Amino acid sequence: MKHRRIPNRRAVVAGAGALALAATATVTLANANATPAPGVPGPAKLTSAAATTLASQLKTGTAGAFYDAKAGKLVVNVVSEAAATAVRAKGAEARLVRHTLAQLDAARQTLKAKATIPGTSWGIDPQSNKVVVTADRTVKGARLDRLTKVADALGDKVELRHSKGEFKPFIGGGDAIWGSGARCSLGFNVVKDGQPYFLTAGHCGNAVKSWSDKQGGSEIATTEASTFPGHDYSLAKYTGNTEHPSEVDLYNGSTQKITKAAEATVGEKVQRSGSTTQVHDGTVKALNASVNYQEGTVDGLIQTDVCAEPGDSGGALFDGETALGLTSGGSGDCSAGGETFFQPVSQALDAYGAQIG
């Protein structure tokens with residue numbers, strides 16, 4: 001998507017250098033729901049924002065949560081009736097599952113230690129109560145045998161899937177912010193120490209130190225800090241006389257005001273706007289996902305079913321006025337569909353001591 005930055009010209013918010021990845025879809029969980037006692041009313045309907053707030057209050061002693069947008073409720077996984085009672089008391093629906101978050105996280109750590117193979121990704125899916133592992137088409141032979149062996153040893157805590165795509169970094173064309181030999185896109189305008197900055201993807205900041213709003217144009221900002229791999233965020237400071245409202249371009253003649261940042265919730269309906277494919281929407285599928293690029297692993301990502309194409313990387317993921325993430329990469333396209341991973345914007349703000357603004 002875009003931010004307005006330049007007088008008489010809309011500024012880009014989405015990104016270049018989109019990394020081609022594959023996300024994992026959710027599956028139906030066979031475990032039964034924990035039902036309220038007779039006479040106890042079910043949870044009240046919640047908005048997506050309210051569910052996100054409630055989820056942040058119910059992390060301790062639970063096994064993950066997701067938002068059921070159709071029913072308007074937050075579903076929280078638990079492994080005991082005591083935890084179920086506490087969850088219902090807060091206004092959410094409790095669901096008994098087999099695996100704790102600690103067990104699933106231990107499975108993730110095993111995968112990281114024994115199966116960090118380029119062309120793979122994994123993330124905890126609270127709807128299936130499993131770690132879903134994806135192998136792209138390049139993972140075969142001895143590497144696929146190794147991955148399969150590790151996954152099989154983890155039993156029903158892990159589900160292995162295969163993608164027809166390929167996880168690889170790429171840069172595409174489109175209206176964006178430019179540097180020497182690379183094009184990326186602005187994510188969110190922020191403020192640090194009273195000065196104007198913007199966030200974009202870390203793989204963009206690694207490649208570019210001086211930014212322009214057009215190829216070969218005058219400098220508007222310089223990269224101050226950048227991290228990739230590990231994380232995928234970068235901070236650039238405005239150097240020119242550039243407007244920097246806290247807005248995102250909706251590509252329909254209007255903009256979306258951005259007033260705050262928050263953590264995403266599985267099941268949350270979100271939007272992504274990019275310089276190549278403009279605005280598309282979808283759903284958050286997993287949190288704390290890991291992707292193994294050829295350049296290294298990026299952890300802690302938001303996994304969605306929002307499509308993206310080359311040129312959309314670095315852009316903004318949002319829900320109404322709330323900033324959620326920066327486009328790290330994706331697979332597929334916006335004709336047939338696809339998936340995208342995002343760097344949580346809250347991590348970037350914390351790392352740089354910045355605020356939305």
# chains A, B, ... in the order shown; residues from 1 in each chain; ligands from 1

call {"tool": "select_by_dssp", "arguments": {"residues": "stretch 28-266 of chain A", "states": "helix (DSSP H, G or I)", "output": "JSON, numbers by chain"}}
result
{"A": [48, 49, 50, 51, 52, 53, 54, 55, 56, 57, 81, 82, 83, 84, 85, 86, 87, 88, 89, 101, 102, 103, 104, 105, 106, 107, 108, 109, 110, 111, 112, 113, 114, 141, 142, 143, 144, 145, 146, 147, 148, 149, 150, 151, 152, 153, 155, 156, 157, 202, 203, 204, 205, 206, 207]}

call {"tool": "residues_around", "arguments": {"residues": "A:Ala316", "least_positions_apart": "3", "cutoff": "6 Å", "atoms": "only C-alpha atoms", "output": "PDB file with N, CA, C and O atoms, in the first residue's frame"}}
result
ATOM      1  N   ALA A  14       3.905  -0.010  -0.245  1.00  0.00           N
ATOM      2  CA  ALA A  14       4.136  -1.439  -0.329  1.00  0.00           C
ATOM      3  C   ALA A  14       5.455  -1.707  -0.974  1.00  0.00           C
ATOM      4  O   ALA A  14       6.166  -0.811  -1.286  1.00  0.00           O
ATOM      5  N   GLY A 187       6.768   1.297   4.220  1.00  0.00           N
ATOM      6  CA  GLY A 187       5.797   0.560   5.012  1.00  0.00           C
ATOM      7  C   GLY A 187       4.892   1.477   5.811  1.00  0.00           C
ATOM      8  O   GLY A 187       3.742   1.704   5.452  1.00  0.00           O
ATOM      9  N   ARG A 272      -3.653  -5.741   2.810  1.00  0.00           N
ATOM     10  CA  ARG A 272      -2.286  -5.429   2.402  1.00  0.00           C
ATOM     11  C   ARG A 272      -2.362  -4.614   1.128  1.00  0.00           C
ATOM     12  O   ARG A 272      -3.130  -4.917   0.227  1.00  0.00           O
ATOM     13  N   GLY A 325       1.963  -5.180  10.235  1.00  0.00           N
ATOM     14  CA  GLY A 325       3.191  -5.785   9.754  1.00  0.00           C
ATOM     15  C   GLY A 325       3.751  -5.156   8.499  1.00  0.00           C
ATOM     16  O   GLY A 325       3.123  -4.320   7.854  1.00  0.00           O
ATOM     17  N   LEU A 326       4.978  -5.581   8.153  1.00  0.00           N
ATOM     18  CA  LEU A 326       5.682  -5.166   6.955  1.00  0.00           C
ATOM     19  C   LEU A 326       5.859  -6.396   6.069  1.00  0.00           C
ATOM     20  O   LEU A 326       6.292  -7.450   6.543  1.00  0.00           O
TER      21      LEU A 326
END

call {"tool": "residues_around", "arguments": {"residues": "A:Trp122", "least_positions_apart": "3", "cutoff": "6 Å", "atoms": "only C-alpha atoms", "output": "PyMOL selection string"}}
result
chain A and resi 132-133+289-290

call {"tool": "closest_residue", "arguments": {"among": "A:Pro118, A:Leu104, A:Val76, A:Asp249", "to": "A:Asp156", "atoms": "only C-alpha atoms"}}
result
A:Leu104

call {"tool": "atom_distance", "arguments": {"atom1": "atom CA of A:Gly330", "atom2": "atom CA of A:Ala50"}}
result
28.1 Å

call {"tool": "residues_around", "arguments": {"residues": "A:Ala55", "least_positions_apart": "3", "cutoff": "9 Å", "atoms": "only C-alpha atoms", "output": "PyMOL selection string"}}
result
chain A and resi 50-52+58-59+64-67+74-76+92+265

call {"tool": "residues_around", "arguments": {"residues": "A:Gly230", "least_positions_apart": "2", "cutoff": "6 Å", "atoms": "only C-alpha atoms", "output": "PyMOL selection string"}}
result
chain A and resi 228+297-298

call {"tool": "write_last_selection", "arguments": {"atoms": "C-alpha atoms", "output": "compact mmCIF listing (two decimals), in the first residue's frame"}}
result
# COMPACT_ATOMS: atom_id res chain seq x y z
CA PHE A 228 17.93 -9.21 7.72
CA THR A 297 16.17 -17.76 8.55
CA VAL A 298 13.63 -15.10 9.52

call {"tool": "closest_residue", "arguments": {"among": "A:Ile220, A:Val87, A:Ala82, A:Ala107", "to": "A:Leu54", "atoms": "only C-alpha atoms"}}
result
A:Val87

call {"tool": "closest_residue", "arguments": {"among": "A:Arg183, A:Lys114, A:His280, A:Arg95", "to": "A:Arg146", "atoms": "only C-alpha atoms"}}
result
A:Lys114

call {"tool": "residues_around", "arguments": {"residues": "A:Val78", "least_positions_apart": "3", "cutoff": "9 Å", "atoms": "only C-alpha atoms", "output": "list in words"}}
result
Ala34, Gly61, Thr62, Ala63, Gly64, Glu81, Ala82, Ala83, Ala84, Val87, Ala94, Arg95, Leu96, Val97, Arg98, His99 and Thr100 of chain A

call {"tool": "select_by_dssp", "arguments": {"residues": "stretch 148-192 of chain A", "states": "strand (DSSP E or B)", "output": "list in words"}}
result
Val158, Glu159, Leu160, Arg161, His162, Lys168, Pro169, Ile177, Trp178, Gly179, Ala182, Arg183, Cys184, Phe188, Asn189, Val190, Val191 and Lys192 of chain A

call {"tool": "write_last_selection", "arguments": {"atoms": "N, CA, C and O atoms", "output": "short mmCIF file (atom, residue, chain, number, x, y, z; two decimals), in the first residue's frame"}}
result
data_model
loop_
_atom_site.label_atom_id
_atom_site.label_comp_id
_atom_site.auth_asym_id
_atom_site.auth_seq_id
_atom_site.Cartn_x
_atom_site.Cartn_y
_atom_site.Cartn_z
N VAL A 158 3.21 -32.31 14.50
CA VAL A 158 3.68 -31.70 13.27
C VAL A 158 2.92 -32.24 12.06
O VAL A 158 2.61 -33.43 12.00
N GLU A 159 2.63 -31.36 11.11
CA GLU A 159 2.06 -31.76 9.82
C GLU A 159 2.95 -31.24 8.72
O GLU A 159 3.27 -30.05 8.68
N LEU A 160 3.39 -32.12 7.83
CA LEU A 160 4.27 -31.75 6.72
C LEU A 160 3.47 -31.57 5.45
O LEU A 160 2.71 -32.45 5.05
N ARG A 161 3.65 -30.42 4.80
CA ARG A 161 2.98 -30.13 3.54
C ARG A 161 4.00 -29.76 2.47
O ARG A 161 5.15 -29.45 2.78
N HIS A 162 3.56 -29.76 1.24
CA HIS A 162 4.46 -29.48 0.11
C HIS A 162 3.88 -28.35 -0.74
O HIS A 162 2.67 -28.30 -0.98
N LYS A 168 12.14 -17.93 -2.75
CA LYS A 168 13.34 -17.23 -3.21
C LYS A 168 13.11 -15.73 -3.19
O LYS A 168 11.98 -15.25 -3.33
N PRO A 169 14.18 -14.97 -2.99
CA PRO A 169 14.05 -13.51 -3.02
C PRO A 169 13.95 -13.03 -4.47
O PRO A 169 14.57 -13.60 -5.37
N ILE A 177 9.76 3.26 -3.73
CA ILE A 177 10.93 4.04 -3.36
C ILE A 177 12.15 3.36 -3.94
O ILE A 177 12.26 2.14 -3.96
N TRP A 178 13.08 4.17 -4.40
CA TRP A 178 14.19 3.66 -5.18
C TRP A 178 15.53 3.93 -4.51
O TRP A 178 15.72 4.95 -3.84
N GLY A 179 16.46 3.00 -4.74
CA GLY A 179 17.84 3.19 -4.34
C GLY A 179 18.72 2.71 -5.47
O GLY A 179 18.23 2.23 -6.50
N ALA A 182 18.17 -1.02 -6.73
CA ALA A 182 17.08 -1.75 -6.07
C ALA A 182 15.85 -0.87 -5.94
O ALA A 182 15.94 0.36 -5.90
N ARG A 183 14.69 -1.52 -5.88
CA ARG A 183 13.43 -0.82 -5.64
C ARG A 183 12.69 -1.52 -4.53
O ARG A 183 12.58 -2.74 -4.51
N CYS A 184 12.18 -0.76 -3.58
CA CYS A 184 11.38 -1.28 -2.48
C CYS A 184 10.23 -0.32 -2.23
O CYS A 184 10.00 0.58 -3.03
N PHE A 188 5.40 2.03 6.91
CA PHE A 188 4.63 2.97 7.74
C PHE A 188 5.51 4.16 8.10
O PHE A 188 6.71 4.00 8.37
N ASN A 189 4.92 5.36 8.10
CA ASN A 189 5.61 6.53 8.62
C ASN A 189 5.61 6.47 10.14
O ASN A 189 4.59 6.15 10.76
N VAL A 190 6.76 6.79 10.73
CA VAL A 190 6.92 6.72 12.18
C VAL A 190 7.69 7.94 12.67
O VAL A 190 8.24 8.72 11.87
N VAL A 191 7.72 8.08 13.97
CA VAL A 191 8.46 9.18 14.60
C VAL A 191 9.43 8.61 15.62
O VAL A 191 9.08 7.72 16.40
N LYS A 192 10.66 9.10 15.59
CA LYS A 192 11.68 8.70 16.56
C LYS A 192 12.39 9.95 17.05
O LYS A 192 12.88 10.75 16.24
#

call {"tool": "residues_around", "arguments": {"residues": "A:Ala286", "least_positions_apart": "6", "cutoff": "10 Å", "atoms": "only C-alpha atoms", "output": "PyMOL selection string"}}
result
chain A and resi 23-26+66+122-127+131-132+264-267+301-305+341

call {"tool": "write_last_selection", "arguments": {"atoms": "C-alpha atoms", "output": "mmCIF file, in the first residue's frame"}}
result
data_model
loop_
_atom_site.group_PDB
_atom_site.id
_atom_site.type_symbol
_atom_site.label_atom_id
_atom_site.label_comp_id
_atom_site.auth_asym_id
_atom_site.auth_seq_id
_atom_site.Cartn_x
_atom_site.Cartn_y
_atom_site.Cartn_z
ATOM 1 C CA ALA A 23 2.390 -20.064 3.718
ATOM 2 C CA THR A 24 0.456 -22.931 5.232
ATOM 3 C CA ALA A 25 -3.307 -23.254 5.320
ATOM 4 C CA THR A 26 -5.173 -24.224 8.435
ATOM 5 C CA PHE A 66 -7.833 -17.651 17.029
ATOM 6 C CA TRP A 122 7.002 -23.629 9.754
ATOM 7 C CA GLY A 123 4.568 -21.997 12.146
ATOM 8 C CA ILE A 124 2.183 -22.898 14.966
ATOM 9 C CA ASP A 125 -1.403 -23.201 13.703
ATOM 10 C CA PRO A 126 -3.787 -22.851 16.666
ATOM 11 C CA GLN A 127 -6.744 -24.125 14.652
ATOM 12 C CA VAL A 131 3.200 -27.024 13.836
ATOM 13 C CA VAL A 132 2.599 -26.917 10.087
ATOM 14 C CA ALA A 264 -2.057 -9.690 14.937
ATOM 15 C CA THR A 265 -4.482 -12.472 15.924
ATOM 16 C CA VAL A 266 -5.002 -15.727 14.028
ATOM 17 C CA GLY A 267 -8.321 -15.438 12.172
ATOM 18 C CA LEU A 301 6.576 -13.705 11.175
ATOM 19 C CA ILE A 302 2.841 -13.255 10.644
ATOM 20 C CA GLN A 303 1.571 -15.828 8.135
ATOM 21 C CA THR A 304 -1.474 -14.947 5.992
ATOM 22 C CA ASP A 305 -3.380 -16.042 2.897
ATOM 23 C CA PHE A 341 4.553 -13.507 5.433
#

call {"tool": "atom_distance", "arguments": {"atom1": "atom CA of A:Ala351", "atom2": "atom CA of A:Gly202"}}
result
12.3 Å

call {"tool": "decode", "arguments": {"residues": "stretch 74-99 of chain A", "atoms": "N, CA and C atoms", "output": "mmCIF file, in the first residue's frame"}}
result
data_model
loop_
_atom_site.group_PDB
_atom_site.id
_atom_site.type_symbol
_atom_site.label_atom_id
_atom_site.label_comp_id
_atom_site.auth_asym_id
_atom_site.auth_seq_id
_atom_site.Cartn_x
_atom_site.Cartn_y
_atom_site.Cartn_z
ATOM 1 N N LEU A 74 -13.750 -15.187 20.032
ATOM 2 C CA LEU A 74 -12.376 -15.618 20.211
ATOM 3 C C LEU A 74 -12.388 -17.030 20.769
ATOM 4 N N VAL A 75 -11.716 -17.950 20.086
ATOM 5 C CA VAL A 75 -11.618 -19.335 20.540
ATOM 6 C C VAL A 75 -10.232 -19.537 21.129
ATOM 7 N N VAL A 76 -10.182 -19.981 22.377
ATOM 8 C CA VAL A 76 -8.909 -20.143 23.080
ATOM 9 C C VAL A 76 -8.675 -21.618 23.376
ATOM 10 N N ASN A 77 -7.531 -22.130 22.966
ATOM 11 C CA ASN A 77 -7.171 -23.517 23.226
ATOM 12 C C ASN A 77 -6.701 -23.693 24.665
ATOM 13 N N VAL A 78 -7.184 -24.739 25.317
ATOM 14 C CA VAL A 78 -6.786 -25.047 26.695
ATOM 15 C C VAL A 78 -6.556 -26.549 26.806
ATOM 16 N N VAL A 79 -5.852 -26.948 27.857
ATOM 17 C CA VAL A 79 -5.591 -28.372 28.071
ATOM 18 C C VAL A 79 -6.152 -28.858 29.409
ATOM 19 N N SER A 80 -6.924 -28.005 30.081
ATOM 20 C CA SER A 80 -7.538 -28.419 31.342
ATOM 21 C C SER A 80 -8.859 -27.697 31.547
ATOM 22 N N GLU A 81 -9.749 -28.281 32.350
ATOM 23 C CA GLU A 81 -11.028 -27.645 32.640
ATOM 24 C C GLU A 81 -10.844 -26.379 33.467
ATOM 25 N N ALA A 82 -9.827 -26.357 34.317
ATOM 26 C CA ALA A 82 -9.568 -25.157 35.122
ATOM 27 C C ALA A 82 -9.256 -23.975 34.218
ATOM 28 N N ALA A 83 -8.424 -24.214 33.200
ATOM 29 C CA ALA A 83 -8.104 -23.153 32.257
ATOM 30 C C ALA A 83 -9.327 -22.762 31.441
ATOM 31 N N ALA A 84 -10.165 -23.756 31.097
ATOM 32 C CA ALA A 84 -11.382 -23.478 30.338
ATOM 33 C C ALA A 84 -12.314 -22.558 31.114
ATOM 34 N N THR A 85 -12.417 -22.800 32.393
ATOM 35 C CA THR A 85 -13.280 -21.965 33.238
ATOM 36 C C THR A 85 -12.786 -20.524 33.262
ATOM 37 N N ALA A 86 -11.479 -20.342 33.374
ATOM 38 C CA ALA A 86 -10.900 -18.994 33.400
ATOM 39 C C ALA A 86 -11.115 -18.274 32.076
ATOM 40 N N VAL A 87 -11.015 -19.025 30.981
ATOM 41 C CA VAL A 87 -11.211 -18.440 29.652
ATOM 42 C C VAL A 87 -12.653 -17.986 29.474
ATOM 43 N N ARG A 88 -13.600 -18.828 29.864
ATOM 44 C CA ARG A 88 -15.015 -18.458 29.736
ATOM 45 C C ARG A 88 -15.357 -17.244 30.590
ATOM 46 N N ALA A 89 -14.723 -17.154 31.749
ATOM 47 C CA ALA A 89 -14.989 -16.023 32.639
ATOM 48 C C ALA A 89 -14.574 -14.697 32.001
ATOM 49 N N LYS A 90 -13.621 -14.758 31.064
ATOM 50 C CA LYS A 90 -13.158 -13.543 30.385
ATOM 51 C C LYS A 90 -13.997 -13.221 29.143
ATOM 52 N N GLY A 91 -14.891 -14.143 28.750
ATOM 53 C CA GLY A 91 -15.763 -13.871 27.610
ATOM 54 C C GLY A 91 -15.345 -14.512 26.309
ATOM 55 N N ALA A 92 -14.455 -15.512 26.372
ATOM 56 C CA ALA A 92 -14.035 -16.220 25.166
ATOM 57 C C ALA A 92 -14.569 -17.646 25.187
ATOM 58 N N GLU A 93 -14.473 -18.336 24.068
ATOM 59 C CA GLU A 93 -14.866 -19.741 24.015
ATOM 60 C C GLU A 93 -13.640 -20.612 24.258
ATOM 61 N N ALA A 94 -13.748 -21.583 25.142
ATOM 62 C CA ALA A 94 -12.641 -22.490 25.433
ATOM 63 C C ALA A 94 -12.757 -23.747 24.593
ATOM 64 N N ARG A 95 -11.611 -24.263 24.150
ATOM 65 C CA ARG A 95 -11.581 -25.487 23.359
ATOM 66 C C ARG A 95 -10.464 -26.392 23.882
ATOM 67 N N LEU A 96 -10.814 -27.600 24.258
ATOM 68 C CA LEU A 96 -9.827 -28.552 24.751
ATOM 69 C C LEU A 96 -9.002 -29.106 23.597
ATOM 70 N N VAL A 97 -7.678 -29.056 23.727
ATOM 71 C CA VAL A 97 -6.781 -29.569 22.699
ATOM 72 C C VAL A 97 -5.744 -30.486 23.337
ATOM 73 N N ARG A 98 -5.008 -31.182 22.480
ATOM 74 C CA ARG A 98 -4.048 -32.175 22.963
ATOM 75 C C ARG A 98 -2.722 -31.562 23.386
ATOM 76 N N HIS A 99 -2.227 -30.590 22.602
ATOM 77 C CA HIS A 99 -0.862 -30.111 22.787
ATOM 78 C C HIS A 99 -0.804 -28.717 23.412
#
